>>> print(open('work-v5.cif').read())   # mmCIF, C-alpha atoms
data_target
#
loop_
_atom_site.label_atom_id
_atom_site.label_comp_id
_atom_site.auth_asym_id
_atom_site.auth_seq_id
_atom_site.Cartn_x
_atom_site.Cartn_y
_atom_site.Cartn_z
CA ARG A 1 0.00 0.00 0.00
CA MET A 2 2.83 2.39 0.86
CA PHE A 3 4.53 1.59 -2.45
CA PHE A 4 1.44 2.45 -4.49
CA PHE A 5 0.93 5.63 -2.46
CA ALA A 6 4.55 6.62 -3.18
CA PHE A 7 4.15 5.71 -6.87
CA LYS A 8 1.06 7.90 -7.27
CA SER A 9 2.68 10.73 -5.33
CA ALA A 10 5.76 10.58 -7.55
CA ILE A 11 3.66 10.75 -10.72
CA ARG A 12 1.67 13.68 -9.35
CA SER A 13 4.77 15.54 -8.11
CA LEU A 14 7.34 14.78 -10.80
CA ILE A 15 5.28 14.30 -13.96
CA LEU A 16 1.96 16.15 -13.60
CA SER A 17 3.14 19.03 -11.44
CA ASN A 18 3.72 22.43 -13.03
CA PRO A 19 6.09 24.00 -12.16
CA TYR A 20 8.45 21.11 -11.58
CA PRO A 21 9.49 20.95 -7.89
CA THR A 22 13.01 21.71 -6.75
CA THR A 23 12.52 19.75 -3.48
CA VAL A 24 10.21 16.98 -2.30
CA VAL A 25 9.68 15.95 1.33
CA ILE A 26 9.09 12.26 1.98
CA GLY A 27 8.49 10.20 5.09
CA SER A 28 9.72 6.67 4.38
CA HIS A 29 12.47 4.66 2.70
CA ILE A 30 9.96 3.34 0.16
CA GLU A 31 9.09 6.86 -0.96
CA ALA A 32 12.80 7.66 -1.17
CA ILE A 33 13.42 4.77 -3.56
CA VAL A 34 10.34 5.49 -5.70
CA PHE A 35 11.06 9.22 -6.02
CA GLY A 36 14.71 8.47 -6.70
CA PHE A 37 13.70 6.06 -9.47
CA PHE A 38 11.48 8.67 -11.16
CA ARG A 39 14.18 11.33 -10.83
CA ALA A 40 16.68 9.03 -12.56
CA LEU A 41 14.12 7.98 -15.18
CA LEU A 42 13.48 11.61 -16.08
CA LEU A 43 17.26 12.25 -16.29
CA ARG A 44 17.03 15.14 -13.85
CA LYS A 45 19.22 16.27 -10.96
CA ASN A 46 16.20 17.75 -9.18
CA PRO A 47 14.21 17.52 -7.05
CA ASP A 48 16.24 17.24 -3.89
CA ILE A 49 14.75 14.45 -1.78
CA VAL A 50 14.39 15.30 1.91
CA TRP A 51 13.42 12.56 4.39
CA LEU A 52 11.56 14.08 7.32
CA GLY A 53 11.77 12.36 10.72
CA PHE A 54 14.28 9.57 10.08
CA ILE A 55 14.84 7.19 13.03
CA TYR A 56 17.21 4.21 12.87
CA THR A 57 17.01 1.53 15.56
CA SER A 58 19.44 -1.31 16.21
CA ARG A 59 18.37 -4.97 16.34
CA LYS A 60 19.68 -7.78 18.54
CA SER A 61 21.00 -9.78 15.57
CA ASN A 62 24.35 -8.60 14.16
CA PHE A 63 23.40 -10.08 10.78
CA ILE A 64 20.14 -8.11 10.65
CA ASN A 65 21.93 -4.95 11.79
CA GLU A 66 24.49 -5.25 9.01
CA ALA A 67 21.83 -6.04 6.40
CA ARG A 68 19.83 -2.97 7.48
CA ARG A 69 22.95 -0.79 7.45
CA ILE A 70 23.71 -1.86 3.86
CA TYR A 71 20.10 -1.30 2.81
CA PHE A 72 19.86 2.17 4.33
CA SER A 73 23.26 3.05 2.89
CA PHE A 74 21.67 2.39 -0.49
CA VAL A 75 18.64 4.53 0.44
CA PHE A 76 20.94 7.36 1.48
CA SER A 77 22.71 7.18 -1.85
CA ILE A 78 19.37 8.51 -3.19
CA VAL A 79 18.25 10.90 -0.44
CA ASP A 80 19.80 14.38 -0.35
CA GLU A 81 18.96 15.27 3.24
CA ALA A 82 17.55 13.46 6.26
CA ILE A 83 15.94 15.45 9.08
CA CYS A 84 16.47 14.04 12.59
CA HIS A 85 15.02 15.14 15.91
CA SER A 86 18.17 15.15 18.06
CA THR A 87 21.75 16.29 17.61
CA LEU A 88 22.97 12.90 18.88
CA GLU A 89 21.17 11.22 15.97
CA VAL A 90 22.92 13.52 13.49
CA ILE A 91 26.32 12.50 14.87
CA ARG A 92 25.42 8.81 14.99
CA TYR A 93 23.98 8.61 11.46
CA THR A 94 26.81 10.66 9.97
CA ASN A 95 29.27 8.11 11.39
CA LEU A 96 27.12 5.10 10.53
CA PHE A 97 26.48 6.08 6.89
CA LYS A 98 29.84 7.71 6.15
CA ASN A 99 29.77 7.50 2.35
CA SER A 100 26.15 8.46 1.88
CA ARG A 101 24.88 11.18 -0.42
CA ALA A 102 22.57 12.44 2.32
CA LYS A 103 23.32 15.22 4.73
CA PHE A 104 21.87 14.66 8.22
CA SER A 105 20.30 17.69 9.87
CA TYR A 106 18.46 18.46 13.10
CA ILE A 107 15.29 20.41 13.79
CA PRO A 108 13.38 20.42 17.09
CA TYR A 109 10.39 18.10 16.95
CA GLY A 110 7.19 19.75 15.75
CA LEU A 111 8.65 22.87 14.14
CA HIS A 112 7.80 21.52 10.68
CA VAL A 113 4.06 21.45 11.49
CA GLY A 114 2.17 23.88 9.28
CA ASP A 115 -0.50 26.43 10.24
CA ARG A 116 0.81 26.78 13.80
CA GLU A 117 -1.32 29.88 14.47
CA CYS A 118 -4.43 27.80 13.80
CA LEU A 119 -3.16 25.12 16.17
CA MET A 120 -2.63 27.73 18.90
CA GLU A 121 -6.22 28.93 18.51
CA GLN A 122 -7.47 25.35 18.83
CA THR A 123 -5.37 24.93 21.97
CA LYS A 124 -6.97 28.00 23.56
CA ALA A 125 -10.42 26.66 22.65
CA ASN A 126 -9.63 23.36 24.39
CA SER A 127 -8.01 24.96 27.43
CA GLY A 128 -10.70 23.52 29.73
CA ALA A 129 -9.28 20.02 29.33
CA ARG A 130 -6.88 18.73 31.99
CA PRO A 131 -3.35 19.46 30.73
CA HIS A 132 -0.92 16.63 30.21
CA ILE A 133 2.47 15.75 28.81
CA LEU A 134 2.41 13.81 25.56
CA ALA A 135 4.74 11.13 24.22
CA ALA A 136 4.26 9.16 21.03
CA GLY A 137 5.90 6.58 18.82
CA ARG A 138 7.36 3.10 19.06
CA SER A 139 10.74 3.01 17.30
CA GLY A 140 13.80 3.54 19.48
CA ARG A 141 11.77 4.71 22.49
CA ASP A 142 12.89 4.50 26.13
CA TYR A 143 9.54 4.53 27.92
CA ALA A 144 11.03 2.84 31.01
CA THR A 145 13.07 5.95 31.85
CA LEU A 146 10.16 8.27 31.04
CA PHE A 147 7.78 6.34 33.31
CA LYS A 148 10.27 6.46 36.20
CA ALA A 149 10.68 10.21 35.72
CA ILE A 150 6.94 10.93 35.61
CA GLU A 151 5.51 8.59 38.27
CA SER A 152 6.22 10.91 41.22
CA LEU A 153 4.99 14.08 39.50
CA ASP A 154 1.53 15.57 39.88
CA ILE A 155 0.76 15.59 36.17
CA ASP A 156 -0.61 13.13 33.64
CA LEU A 157 1.32 11.55 30.81
CA HIS A 158 -0.44 10.34 27.66
CA VAL A 159 1.47 7.87 25.50
CA VAL A 160 0.29 7.33 21.92
CA CYS A 161 1.59 3.91 20.91
CA ASP A 162 -0.17 1.27 18.82
CA SER A 163 2.38 -1.48 19.53
CA GLU A 164 2.85 -3.59 22.66
CA ASP A 165 6.60 -4.07 22.19
CA PRO A 166 7.92 -0.66 23.39
CA ILE A 167 6.10 -0.96 26.74
CA ALA A 168 6.05 -4.74 27.18
CA GLY A 169 6.81 -5.72 30.77
CA LEU A 170 6.94 -2.12 32.03
CA PRO A 171 4.97 -1.12 35.15
CA ILE A 172 2.54 1.61 34.12
CA PRO A 173 2.29 4.42 36.74
CA SER A 174 -1.20 5.55 37.74
CA ASN A 175 -0.73 8.94 36.06
CA VAL A 176 0.14 7.37 32.69
CA SER A 177 -2.46 6.57 30.02
CA ILE A 178 -1.63 4.41 26.99
CA LEU A 179 -3.63 5.47 23.92
CA ARG A 180 -4.19 2.96 21.11
CA LYS A 181 -5.49 3.77 17.64
CA CYS A 182 -5.08 7.49 18.25
CA TYR A 183 -4.87 8.98 14.77
CA GLY A 184 -5.95 12.04 12.80
CA GLU A 185 -8.07 14.52 14.75
CA SER A 186 -7.76 12.50 17.97
CA TYR A 187 -3.98 12.74 17.80
CA GLN A 188 -4.19 16.44 16.94
CA ASP A 189 -6.38 16.99 20.00
CA GLU A 190 -3.76 15.28 22.16
CA LEU A 191 -1.11 17.62 20.76
CA ASN A 192 -3.32 20.68 21.22
CA ASN A 193 -4.06 19.90 24.87
CA SER A 194 -0.56 18.90 25.89
CA LEU A 195 1.77 21.21 27.79
CA PHE A 196 4.69 19.86 25.80
CA VAL A 197 5.80 16.75 23.91
CA VAL A 198 8.51 14.38 25.14
CA ILE A 199 10.35 12.08 22.71
CA PRO A 200 12.15 9.54 24.96
CA LEU A 201 14.78 8.29 22.53
CA ALA A 202 16.80 5.26 23.55
CA VAL A 203 20.57 5.65 23.34
CA SER A 204 22.06 2.91 21.16
#
>>> encode(input="work-v5.cif", output="structure tokens")
Amino acid sequence: RMFFFAFKSAIRSLILSNPYPTTVVIGSHIEAIVFGFFRALLLRKNPDIVWLGFIYTSRKSNFINEARRIYFSFVFSIVDEAICHSTLEVIRYTNLFKNSRAKFSYIPYGLHVGDRECLMEQTKANSGARPHILAAGRSGRDYATLFKAIESLDIDLHVVCDSEDPIAGLPIPSNVSILRKCYGESYQDELNNSLFVVIPLAVS
């Protein structure tokens, strides 16, 4: 499904679009490969391909780790820039994918979200809701440390995570709520009502 989405997006962006884009922003390795294929097929140097929100997690198997490193090295021979959400990730990925075409850059999480003034107005409208801290995601997360840090505080933590693996076996403090199937407007509401967002990245 992701492949066909990327294929249609590439046709719309690189063939049907007028004017032709100088940069495209993608969100997955599949999109990177598909857009790179169309760029090569059209014999063009542009558009620059920017991967927004790249996260790379290690696996227990050395064989799988090496296979993934080789695969993503190939992907980064296509991508021009990868946006990460921590300076430590920039250092790690630059060292891990030394001969890649891609430049690794950092922006604080959430600053790429559009129409921020509208979001602020929605936040004011929902100000009657009990405020909370928000965490989300499943790849490379250290929820154990976050739960220990939050359990003694007089504030709620909402965790948006649709997988059991990141929190398997962890004691869930009473002020922590795990939200499943929280997408679209529901997820936006969580963002709007949160005091701030925490991304508890595990250190590999």
>>> resolve_selection(input="work-v5.cif", expression="the PyMOL selection byres ((chain A and resi 51) around 6)", output="CSV table (one decimal) with C-alpha atoms, in the frame of the given file")
chain,number,residue,atom,x,y,z
A,25,VAL,CA,9.7,16.0,1.3
A,26,ILE,CA,9.1,12.3,2.0
A,27,GLY,CA,8.5,10.2,5.1
A,50,VAL,CA,14.4,15.3,1.9
A,52,LEU,CA,11.6,14.1,7.3
A,82,ALA,CA,17.6,13.5,6.3
>>> atom_distance(input="work-v5.cif", atom1="CA of Ile133 (chain A)", atom2="CA of Val159 (chain A)")
8.6 Å
>>> closest_residue(input="work-v5.cif", among="A:Phe104, A:Asp189, A:Ala202, A:Cys161", to="Ala144 (chain A)", atoms="only C-alpha atoms")
A:Ala202
>>> atom_distance(input="work-v5.cif", atom1="CA of Gly53 (chain A)", atom2="CA of Ile172 (chain A)")
27.4 Å
>>> axis_aligned_box(input="work-v5.cif", around="region 2-12 of chain A", padding_each_side="6 Å", output="lines of an AutoDock Vina configuration file")
center_x = 3.3
center_y = 7.6
center_z = -4.9
size_x = 16.8
size_y = 24.1
size_z = 23.6
>>> residues_around(input="work-v5.cif", residues="region 175-187 of chain A", least_positions_apart="6", cutoff="8 Å", atoms="all atoms listed in the file", output="MDAnalysis selection string")
chainID A and resid 147 150:151 154:162
>>> write_last_selection(input="work-v5.cif", atoms="C-alpha atoms", output="compact mmCIF listing (two decimals), in the frame of the given file")
# COMPACT_ATOMS: atom_id res chain seq x y z
CA PHE A 147 7.78 6.34 33.31
CA ILE A 150 6.94 10.93 35.61
CA GLU A 151 5.51 8.59 38.27
CA ASP A 154 1.53 15.57 39.88
CA ILE A 155 0.76 15.59 36.17
CA ASP A 156 -0.61 13.13 33.64
CA LEU A 157 1.32 11.55 30.81
CA HIS A 158 -0.44 10.34 27.66
CA VAL A 159 1.47 7.87 25.50
CA VAL A 160 0.29 7.33 21.92
CA CYS A 161 1.59 3.91 20.91
CA ASP A 162 -0.17 1.27 18.82
>>> atom_distance(input="work-v5.cif", atom1="CA of Phe4 (chain A)", atom2="CA of Leu16 (chain A)")
16.5 Å
>>> residues_around(input="work-v5.cif", residues="Pro19 (chain A)", least_positions_apart="6", cutoff="12 Å", atoms="all atoms listed in the file", output="mmCIF file with C-alpha atoms, in the frame of the given file")
data_model
loop_
_atom_site.group_PDB
_atom_site.id
_atom_site.type_symbol
_atom_site.label_atom_id
_atom_site.label_comp_id
_atom_site.auth_asym_id
_atom_site.auth_seq_id
_atom_site.Cartn_x
_atom_site.Cartn_y
_atom_site.Cartn_z
ATOM 1 C CA ARG A 12 1.670 13.680 -9.350
ATOM 2 C CA SER A 13 4.770 15.540 -8.110
ATOM 3 C CA PRO A 47 14.210 17.520 -7.050
#
>>> resolve_selection(input="work-v5.cif", expression="the PyMOL selection byres ((chain A and resi 97) around 12)", output="short mmCIF file (atom, residue, chain, number, x, y, z; two decimals) with C-alpha atoms, in the frame of the given file")
data_model
loop_
_atom_site.label_atom_id
_atom_site.label_comp_id
_atom_site.auth_asym_id
_atom_site.auth_seq_id
_atom_site.Cartn_x
_atom_site.Cartn_y
_atom_site.Cartn_z
CA TYR A 56 17.21 4.21 12.87
CA GLU A 66 24.49 -5.25 9.01
CA ARG A 68 19.83 -2.97 7.48
CA ARG A 69 22.95 -0.79 7.45
CA ILE A 70 23.71 -1.86 3.86
CA TYR A 71 20.10 -1.30 2.81
CA PHE A 72 19.86 2.17 4.33
CA SER A 73 23.26 3.05 2.89
CA PHE A 74 21.67 2.39 -0.49
CA VAL A 75 18.64 4.53 0.44
CA PHE A 76 20.94 7.36 1.48
CA SER A 77 22.71 7.18 -1.85
CA ALA A 82 17.55 13.46 6.26
CA GLU A 89 21.17 11.22 15.97
CA VAL A 90 22.92 13.52 13.49
CA ILE A 91 26.32 12.50 14.87
CA ARG A 92 25.42 8.81 14.99
CA TYR A 93 23.98 8.61 11.46
CA THR A 94 26.81 10.66 9.97
CA ASN A 95 29.27 8.11 11.39
CA LEU A 96 27.12 5.10 10.53
CA LYS A 98 29.84 7.71 6.15
CA ASN A 99 29.77 7.50 2.35
CA SER A 100 26.15 8.46 1.88
CA ARG A 101 24.88 11.18 -0.42
CA ALA A 102 22.57 12.44 2.32
CA LYS A 103 23.32 15.22 4.73
CA PHE A 104 21.87 14.66 8.22
#
>>> resolve_selection(input="work-v5.cif", expression="the PyMOL selection byres ((chain A and resi 39) around 12)", output="PyMOL selection string")
chain A and resi 10-11+13-15+20-24+31-38+40-49+78-79
>>> residues_around(input="work-v5.cif", residues="Thr57 (chain A)", least_positions_apart="2", cutoff="9 Å", atoms="all atoms listed in the file", output="number ranges by chain")
A: 55, 59, 65, 139-140, 202, 204
